[in-house]
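Colleague: Input structure: work-v8.cif, which contains mmCIF, N, CA, C and O atoms.
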data_upload
loop_
_atom_site.label_atom_id
_atom_site.label_comp_id
_atom_site.auth_asym_id
_atom_site.auth_seq_id
_atom_site.Cartn_x
_atom_site.Cartn_y
_atom_site.Cartn_z
N MET A 1404 22.04 -5.69 10.91
CA MET A 1404 21.71 -5.48 9.51
C MET A 1404 21.89 -6.78 8.76
O MET A 1404 22.91 -7.43 8.88
N GLY A 1405 20.89 -7.19 8.01
CA GLY A 1405 20.94 -8.45 7.29
C GLY A 1405 20.79 -8.24 5.80
O GLY A 1405 20.87 -7.14 5.29
N PHE A 1406 20.58 -9.34 5.13
CA PHE A 1406 20.39 -9.30 3.69
C PHE A 1406 18.95 -8.92 3.36
O PHE A 1406 18.04 -9.26 4.12
N PRO A 1407 18.72 -8.25 2.23
CA PRO A 1407 17.34 -7.94 1.85
C PRO A 1407 16.59 -9.22 1.50
O PRO A 1407 17.22 -10.22 1.12
N PRO A 1408 15.28 -9.22 1.59
CA PRO A 1408 14.51 -10.43 1.28
C PRO A 1408 14.60 -10.77 -0.22
O PRO A 1408 14.89 -9.90 -1.04
N ASP A 1409 14.34 -12.03 -0.56
CA ASP A 1409 14.35 -12.47 -1.96
C ASP A 1409 13.16 -11.88 -2.72
O ASP A 1409 13.21 -11.70 -3.92
N TYR A 1410 12.08 -11.62 -2.00
CA TYR A 1410 10.89 -11.04 -2.62
C TYR A 1410 10.10 -10.25 -1.57
O TYR A 1410 10.31 -10.41 -0.39
N TYR A 1411 9.22 -9.41 -2.06
CA TYR A 1411 8.35 -8.60 -1.21
C TYR A 1411 6.91 -8.96 -1.56
O TYR A 1411 6.61 -9.30 -2.69
N ILE A 1412 6.02 -8.88 -0.59
CA ILE A 1412 4.61 -9.17 -0.82
C ILE A 1412 3.81 -7.90 -0.60
O ILE A 1412 3.92 -7.25 0.44
N VAL A 1413 3.02 -7.54 -1.61
CA VAL A 1413 2.20 -6.34 -1.56
C VAL A 1413 1.06 -6.57 -0.56
O VAL A 1413 0.31 -7.53 -0.70
N PRO A 1414 0.91 -5.70 0.44
CA PRO A 1414 -0.19 -5.87 1.40
C PRO A 1414 -1.53 -5.43 0.82
O PRO A 1414 -1.58 -4.63 -0.11
N ASN A 1415 -2.61 -5.95 1.36
CA ASN A 1415 -3.95 -5.52 0.98
C ASN A 1415 -4.31 -4.34 1.87
O ASN A 1415 -4.53 -4.49 3.07
N ILE A 1416 -4.37 -3.15 1.28
CA ILE A 1416 -4.60 -1.93 2.07
C ILE A 1416 -5.94 -1.26 1.77
O ILE A 1416 -6.25 -0.22 2.34
N VAL A 1417 -6.74 -1.85 0.88
CA VAL A 1417 -8.04 -1.27 0.53
C VAL A 1417 -8.95 -1.30 1.74
O VAL A 1417 -9.01 -2.29 2.48
N TYR A 1418 -9.64 -0.20 1.97
CA TYR A 1418 -10.56 0.05 3.09
C TYR A 1418 -9.86 0.25 4.43
O TYR A 1418 -10.51 0.26 5.46
N LEU A 1419 -8.54 0.43 4.42
CA LEU A 1419 -7.83 0.79 5.64
C LEU A 1419 -7.63 2.30 5.67
O LEU A 1419 -7.74 2.98 4.65
N SER A 1420 -7.32 2.83 6.84
CA SER A 1420 -7.02 4.25 6.94
C SER A 1420 -5.69 4.52 6.24
O SER A 1420 -4.85 3.62 6.11
N LEU A 1421 -5.50 5.75 5.80
CA LEU A 1421 -4.26 6.13 5.14
C LEU A 1421 -3.06 5.88 6.05
O LEU A 1421 -2.03 5.39 5.61
N ASN A 1422 -3.21 6.19 7.33
CA ASN A 1422 -2.13 5.99 8.29
C ASN A 1422 -1.77 4.52 8.41
O ASN A 1422 -0.59 4.14 8.38
N ARG A 1423 -2.77 3.65 8.56
CA ARG A 1423 -2.53 2.21 8.70
C ARG A 1423 -1.95 1.64 7.40
O ARG A 1423 -1.05 0.80 7.42
N ALA A 1424 -2.46 2.08 6.26
CA ALA A 1424 -1.96 1.62 4.97
C ALA A 1424 -0.49 1.98 4.79
O ALA A 1424 0.32 1.16 4.36
N SER A 1425 -0.15 3.21 5.14
CA SER A 1425 1.24 3.66 5.05
C SER A 1425 2.16 2.82 5.92
O SER A 1425 3.26 2.44 5.51
N THR A 1426 1.70 2.49 7.11
CA THR A 1426 2.48 1.65 8.02
C THR A 1426 2.68 0.26 7.45
O THR A 1426 3.80 -0.28 7.46
N LEU A 1427 1.62 -0.35 6.91
CA LEU A 1427 1.73 -1.69 6.33
C LEU A 1427 2.65 -1.72 5.12
O LEU A 1427 3.43 -2.67 4.94
N ILE A 1428 2.57 -0.69 4.29
CA ILE A 1428 3.46 -0.61 3.13
C ILE A 1428 4.91 -0.55 3.58
O ILE A 1428 5.76 -1.28 3.08
N SER A 1429 5.19 0.28 4.55
CA SER A 1429 6.55 0.42 5.08
C SER A 1429 7.04 -0.88 5.72
O SER A 1429 8.18 -1.30 5.50
N GLN A 1430 6.19 -1.52 6.50
CA GLN A 1430 6.56 -2.78 7.16
C GLN A 1430 6.82 -3.89 6.14
O GLN A 1430 7.57 -4.82 6.42
N SER A 1431 6.23 -3.78 4.97
CA SER A 1431 6.43 -4.78 3.91
C SER A 1431 7.72 -4.53 3.13
O SER A 1431 8.04 -5.28 2.21
N GLY A 1432 8.40 -3.44 3.44
CA GLY A 1432 9.64 -3.10 2.73
C GLY A 1432 9.40 -2.33 1.45
O GLY A 1432 10.32 -2.13 0.66
N LEU A 1433 8.16 -1.87 1.25
CA LEU A 1433 7.80 -1.13 0.06
C LEU A 1433 7.68 0.35 0.39
O LEU A 1433 7.90 0.76 1.53
N PHE A 1434 7.32 1.16 -0.60
CA PHE A 1434 7.25 2.60 -0.42
C PHE A 1434 5.87 3.12 -0.81
O PHE A 1434 5.26 2.62 -1.76
N LEU A 1435 5.40 4.13 -0.10
CA LEU A 1435 4.15 4.79 -0.44
C LEU A 1435 4.41 5.72 -1.61
O LEU A 1435 5.30 6.56 -1.55
N GLY A 1436 3.65 5.55 -2.67
CA GLY A 1436 3.81 6.39 -3.87
C GLY A 1436 2.86 7.56 -3.85
O GLY A 1436 2.63 8.18 -2.80
N ASN A 1437 2.28 7.85 -4.98
CA ASN A 1437 1.35 8.97 -5.12
C ASN A 1437 0.01 8.66 -4.46
O ASN A 1437 -0.46 7.53 -4.50
N ILE A 1438 -0.59 9.69 -3.89
CA ILE A 1438 -1.89 9.57 -3.25
C ILE A 1438 -2.87 10.45 -4.03
O ILE A 1438 -2.62 11.64 -4.21
N LYS A 1439 -3.96 9.86 -4.49
CA LYS A 1439 -5.01 10.61 -5.18
C LYS A 1439 -6.23 10.62 -4.28
O LYS A 1439 -6.73 9.56 -3.90
N TYR A 1440 -6.69 11.80 -3.93
CA TYR A 1440 -7.84 11.93 -3.05
C TYR A 1440 -9.13 12.03 -3.85
O TYR A 1440 -9.22 12.82 -4.80
N ILE A 1441 -10.10 11.20 -3.51
CA ILE A 1441 -11.42 11.18 -4.15
C ILE A 1441 -12.46 11.18 -3.05
O ILE A 1441 -12.35 10.43 -2.08
N TYR A 1442 -13.49 12.00 -3.22
CA TYR A 1442 -14.55 12.06 -2.22
C TYR A 1442 -15.51 10.89 -2.40
O TYR A 1442 -15.93 10.56 -3.51
N ALA A 1443 -15.84 10.22 -1.29
CA ALA A 1443 -16.86 9.17 -1.29
C ALA A 1443 -17.67 9.35 -0.01
O ALA A 1443 -17.12 9.23 1.10
N ASP A 1444 -18.95 9.61 -0.15
CA ASP A 1444 -19.76 9.87 1.04
C ASP A 1444 -20.07 8.61 1.85
O ASP A 1444 -20.60 8.69 2.95
N THR A 1445 -19.70 7.43 1.34
CA THR A 1445 -19.95 6.18 2.06
C THR A 1445 -18.74 5.71 2.87
O THR A 1445 -18.83 4.70 3.56
N LEU A 1446 -17.61 6.41 2.75
CA LEU A 1446 -16.39 6.02 3.47
C LEU A 1446 -15.91 7.16 4.36
O LEU A 1446 -16.17 8.33 4.08
N LEU A 1447 -15.17 6.81 5.39
CA LEU A 1447 -14.56 7.82 6.25
C LEU A 1447 -13.44 8.53 5.49
O LEU A 1447 -12.82 7.96 4.58
N TYR A 1448 -13.18 9.77 5.88
CA TYR A 1448 -12.09 10.54 5.29
C TYR A 1448 -10.77 9.79 5.46
O TYR A 1448 -10.53 9.17 6.49
N ASN A 1449 -9.92 9.81 4.44
CA ASN A 1449 -8.60 9.15 4.42
C ASN A 1449 -8.70 7.63 4.43
O ASN A 1449 -7.80 6.95 4.93
N THR A 1450 -9.76 7.07 3.88
CA THR A 1450 -9.87 5.63 3.70
C THR A 1450 -9.33 5.29 2.31
O THR A 1450 -9.69 5.93 1.32
N VAL A 1451 -8.47 4.30 2.22
CA VAL A 1451 -7.91 3.88 0.94
C VAL A 1451 -8.99 3.16 0.13
O VAL A 1451 -9.59 2.22 0.61
N MET A 1452 -9.21 3.63 -1.09
CA MET A 1452 -10.24 3.06 -1.96
C MET A 1452 -9.67 2.08 -2.98
O MET A 1452 -10.37 1.19 -3.45
N SER A 1453 -8.40 2.26 -3.36
CA SER A 1453 -7.78 1.37 -4.34
C SER A 1453 -6.26 1.46 -4.23
O SER A 1453 -5.72 2.39 -3.64
N GLN A 1454 -5.61 0.48 -4.81
CA GLN A 1454 -4.16 0.46 -4.87
C GLN A 1454 -3.76 -0.02 -6.25
O GLN A 1454 -4.48 -0.79 -6.88
N ASP A 1455 -2.60 0.45 -6.75
CA ASP A 1455 -2.23 0.13 -8.12
C ASP A 1455 -1.54 -1.23 -8.28
O ASP A 1455 -1.42 -1.72 -9.40
N GLN A 1456 -1.09 -1.83 -7.22
CA GLN A 1456 -0.51 -3.18 -7.28
C GLN A 1456 -1.48 -4.16 -6.62
O GLN A 1456 -2.04 -3.85 -5.56
N PRO A 1457 -1.69 -5.31 -7.21
CA PRO A 1457 -2.64 -6.26 -6.63
C PRO A 1457 -2.17 -6.78 -5.27
O PRO A 1457 -0.98 -7.03 -5.09
N PRO A 1458 -3.09 -6.94 -4.33
CA PRO A 1458 -2.72 -7.47 -3.01
C PRO A 1458 -2.12 -8.87 -3.12
O PRO A 1458 -2.52 -9.66 -3.97
N PHE A 1459 -1.16 -9.14 -2.26
CA PHE A 1459 -0.50 -10.44 -2.11
C PHE A 1459 0.39 -10.81 -3.30
O PHE A 1459 0.86 -11.93 -3.39
N LYS A 1460 0.64 -9.86 -4.20
CA LYS A 1460 1.53 -10.08 -5.33
C LYS A 1460 2.97 -10.15 -4.82
O LYS A 1460 3.38 -9.36 -3.98
N LYS A 1461 3.74 -11.12 -5.31
CA LYS A 1461 5.16 -11.22 -4.97
C LYS A 1461 5.95 -10.43 -5.99
O LYS A 1461 5.78 -10.60 -7.20
N ILE A 1462 6.81 -9.53 -5.51
CA ILE A 1462 7.66 -8.74 -6.39
C ILE A 1462 9.11 -8.89 -5.94
O ILE A 1462 9.40 -9.14 -4.78
N SER A 1463 10.02 -8.73 -6.88
CA SER A 1463 11.43 -9.00 -6.59
C SER A 1463 12.20 -7.79 -6.07
O SER A 1463 13.31 -7.94 -5.57
N MET A 1464 11.63 -6.60 -6.21
CA MET A 1464 12.31 -5.40 -5.70
C MET A 1464 11.26 -4.48 -5.08
O MET A 1464 10.10 -4.53 -5.45
N PRO A 1465 11.69 -3.64 -4.14
CA PRO A 1465 10.71 -2.73 -3.50
C PRO A 1465 10.19 -1.69 -4.50
O PRO A 1465 10.97 -1.06 -5.20
N LEU A 1466 8.89 -1.56 -4.56
CA LEU A 1466 8.22 -0.62 -5.45
C LEU A 1466 7.46 0.42 -4.66
O LEU A 1466 7.22 0.25 -3.46
N LYS A 1467 7.02 1.46 -5.34
CA LYS A 1467 6.10 2.43 -4.76
C LYS A 1467 4.69 1.93 -5.02
O LYS A 1467 4.36 1.48 -6.12
N ILE A 1468 3.83 1.99 -3.99
CA ILE A 1468 2.45 1.62 -4.12
C ILE A 1468 1.63 2.91 -4.17
O ILE A 1468 1.61 3.68 -3.21
N ASN A 1469 1.00 3.16 -5.30
CA ASN A 1469 0.15 4.34 -5.46
C ASN A 1469 -1.25 4.02 -4.98
O ASN A 1469 -1.78 2.95 -5.26
N ILE A 1470 -1.84 4.96 -4.27
CA ILE A 1470 -3.20 4.75 -3.76
C ILE A 1470 -4.09 5.91 -4.12
O ILE A 1470 -3.61 6.97 -4.47
#
Go ahead and render the structure in this file as structure tokens.

Modeller:
Amino acid sequence: MGFPPDYYIVPNIVYLSLNRASTLISQSGLFLGNIKYIYADTLLYNTVMSQDQPPFKKISMPLKINI
């Protein structure tokens, strides 16, 4: 067990599967927040269409990422 990082970097999860996005968020030390499902006939089911935090943003504490 070590010290927490000085900062966290928000991963880019747009157009990834919900499962892969959840894994990347967790690996980044962040948390999966609320999930809003929207139908899009051009994307596969459970594809992430947007995220509320900008990708590659440096943050000082772990946040929930809403998708």

Colleague: If the PyMOL selection byres ((chain A and resi 1422-1434) around 5) is run on the structure shown, which residues does it catch, given as a PDB file with N, CA, C and O atoms, in the coordinates of the input?

Modeller:
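For reference, selection_11.pdb as written:
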ATOM      1  N   TYR A1411       9.220  -9.410  -2.060  1.00  0.00           N
ATOM      2  CA  TYR A1411       8.350  -8.600  -1.210  1.00  0.00           C
ATOM      3  C   TYR A1411       6.910  -8.960  -1.560  1.00  0.00           C
ATOM      4  O   TYR A1411       6.610  -9.300  -2.690  1.00  0.00           O
ATOM      5  N   ILE A1412       6.020  -8.880  -0.590  1.00  0.00           N
ATOM      6  CA  ILE A1412       4.610  -9.170  -0.820  1.00  0.00           C
ATOM      7  C   ILE A1412       3.810  -7.900  -0.600  1.00  0.00           C
ATOM      8  O   ILE A1412       3.920  -7.250   0.440  1.00  0.00           O
ATOM      9  N   SER A1420      -7.320   2.830   6.840  1.00  0.00           N
ATOM     10  CA  SER A1420      -7.020   4.250   6.940  1.00  0.00           C
ATOM     11  C   SER A1420      -5.690   4.520   6.240  1.00  0.00           C
ATOM     12  O   SER A1420      -4.850   3.620   6.110  1.00  0.00           O
ATOM     13  N   LEU A1421      -5.500   5.750   5.800  1.00  0.00           N
ATOM     14  CA  LEU A1421      -4.260   6.130   5.140  1.00  0.00           C
ATOM     15  C   LEU A1421      -3.060   5.880   6.050  1.00  0.00           C
ATOM     16  O   LEU A1421      -2.030   5.390   5.610  1.00  0.00           O
ATOM     17  N   LEU A1435       5.400   4.130  -0.100  1.00  0.00           N
ATOM     18  CA  LEU A1435       4.150   4.790  -0.440  1.00  0.00           C
ATOM     19  C   LEU A1435       4.410   5.720  -1.610  1.00  0.00           C
ATOM     20  O   LEU A1435       5.300   6.560  -1.550  1.00  0.00           O
ATOM     21  N   GLY A1436       3.650   5.550  -2.670  1.00  0.00           N
ATOM     22  CA  GLY A1436       3.810   6.390  -3.870  1.00  0.00           C
ATOM     23  C   GLY A1436       2.860   7.560  -3.850  1.00  0.00           C
ATOM     24  O   GLY A1436       2.630   8.180  -2.800  1.00  0.00           O
ATOM     25  N   PRO A1465      11.690  -3.640  -4.140  1.00  0.00           N
ATOM     26  CA  PRO A1465      10.710  -2.730  -3.500  1.00  0.00           C
ATOM     27  C   PRO A1465      10.190  -1.690  -4.500  1.00  0.00           C
ATOM     28  O   PRO A1465      10.970  -1.060  -5.200  1.00  0.00           O
ATOM     29  N   LEU A1466       8.890  -1.560  -4.560  1.00  0.00           N
ATOM     30  CA  LEU A1466       8.220  -0.620  -5.450  1.00  0.00           C
ATOM     31  C   LEU A1466       7.460   0.420  -4.660  1.00  0.00           C
ATOM     32  O   LEU A1466       7.220   0.250  -3.460  1.00  0.00           O
ATOM     33  N   LYS A1467       7.020   1.460  -5.340  1.00  0.00           N
ATOM     34  CA  LYS A1467       6.100   2.430  -4.760  1.00  0.00           C
ATOM     35  C   LYS A1467       4.690   1.930  -5.020  1.00  0.00           C
ATOM     36  O   LYS A1467       4.360   1.480  -6.120  1.00  0.00           O
ATOM     37  N   ILE A1468       3.830   1.990  -3.990  1.00  0.00           N
ATOM     38  CA  ILE A1468       2.450   1.620  -4.120  1.00  0.00           C
ATOM     39  C   ILE A1468       1.630   2.910  -4.170  1.00  0.00           C
ATOM     40  O   ILE A1468       1.610   3.680  -3.210  1.00  0.00           O
TER      41      ILE A1468
END

Colleague: Given the point (12.1, -7.4, -6.9) in the file's coordinates, find the residues that have an atom at most 7 Å from it, counting all atoms listed in the file, and give them as a list in words.

Modeller: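 The requested residues, written out, are Pro1408, Asp1409, Tyr1410, Tyr1411, Lys1461, Ile1462, Ser1463, Met1464 and Pro1465 of chain A.
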
Colleague: Record the distance separating atom O of Leu1447 in chain A and atom C of Leu1419 in chain A, expressed in Å with one decimal.

Modeller: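 Result for atom O of Leu1447 in chain A versus atom C of Leu1419 in chain A: 7.8 Å, one decimal.
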
Colleague: Residues within 8 Å of Thr1450 in chain A, please, as a list in words. Count only N, CA, C and O atoms; anything in the same chain fewer than 2 positions from it doesn't count.

Modeller: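 Result of the neighbour search: Ile1416, Val1417, Tyr1418, Leu1419, Ser1420, Leu1421, Asn1422, Lys1439, Tyr1440, Ile1441, Ala1443, Leu1446, Leu1447, Tyr1448, Met1452, Ser1453 and Ile1470 of chain A.
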
Colleague: Convert the output of the PyMOL selection byres (((chain A and resi 1415 and name CA) around 8) and name CA) on the shown file into explicit residues, formatted as a list in words.

Modeller: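 Matching residues under the PyMOL selection byres (((chain A and resi 1415 and name CA) around 8) and name CA) are Val1413, Pro1414, Ile1416, Val1417, Pro1457, Pro1458 and Phe1459 of chain A.
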
Colleague: How many Å separate atom N of Gln1454 in chain A from atom O of Tyr1442 in chain A?

Modeller: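 Computed distance, atom N of Gln1454 in chain A to atom O of Tyr1442 in chain A, equals 14.5 Å.
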
Colleague: So which residues of chain A fall under strand (DSSP E or B) by DSSP, listed as a list of chain:residue names?

Modeller: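 Answer for chain A, restricted to strand (DSSP E or B): A:Tyr1411, A:Ile1412, A:Ser1420, A:Phe1434, A:Leu1435, A:Thr1450, A:Lys1461, A:Ile1462, A:Lys1467, A:Ile1468.
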
Colleague: Measure the distance from atom N of Asp1455 in chain A to atom O of Asn1437 in chain A in Å and round it to one decimal.

Modeller: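 A separation of 7.7 Å between them.
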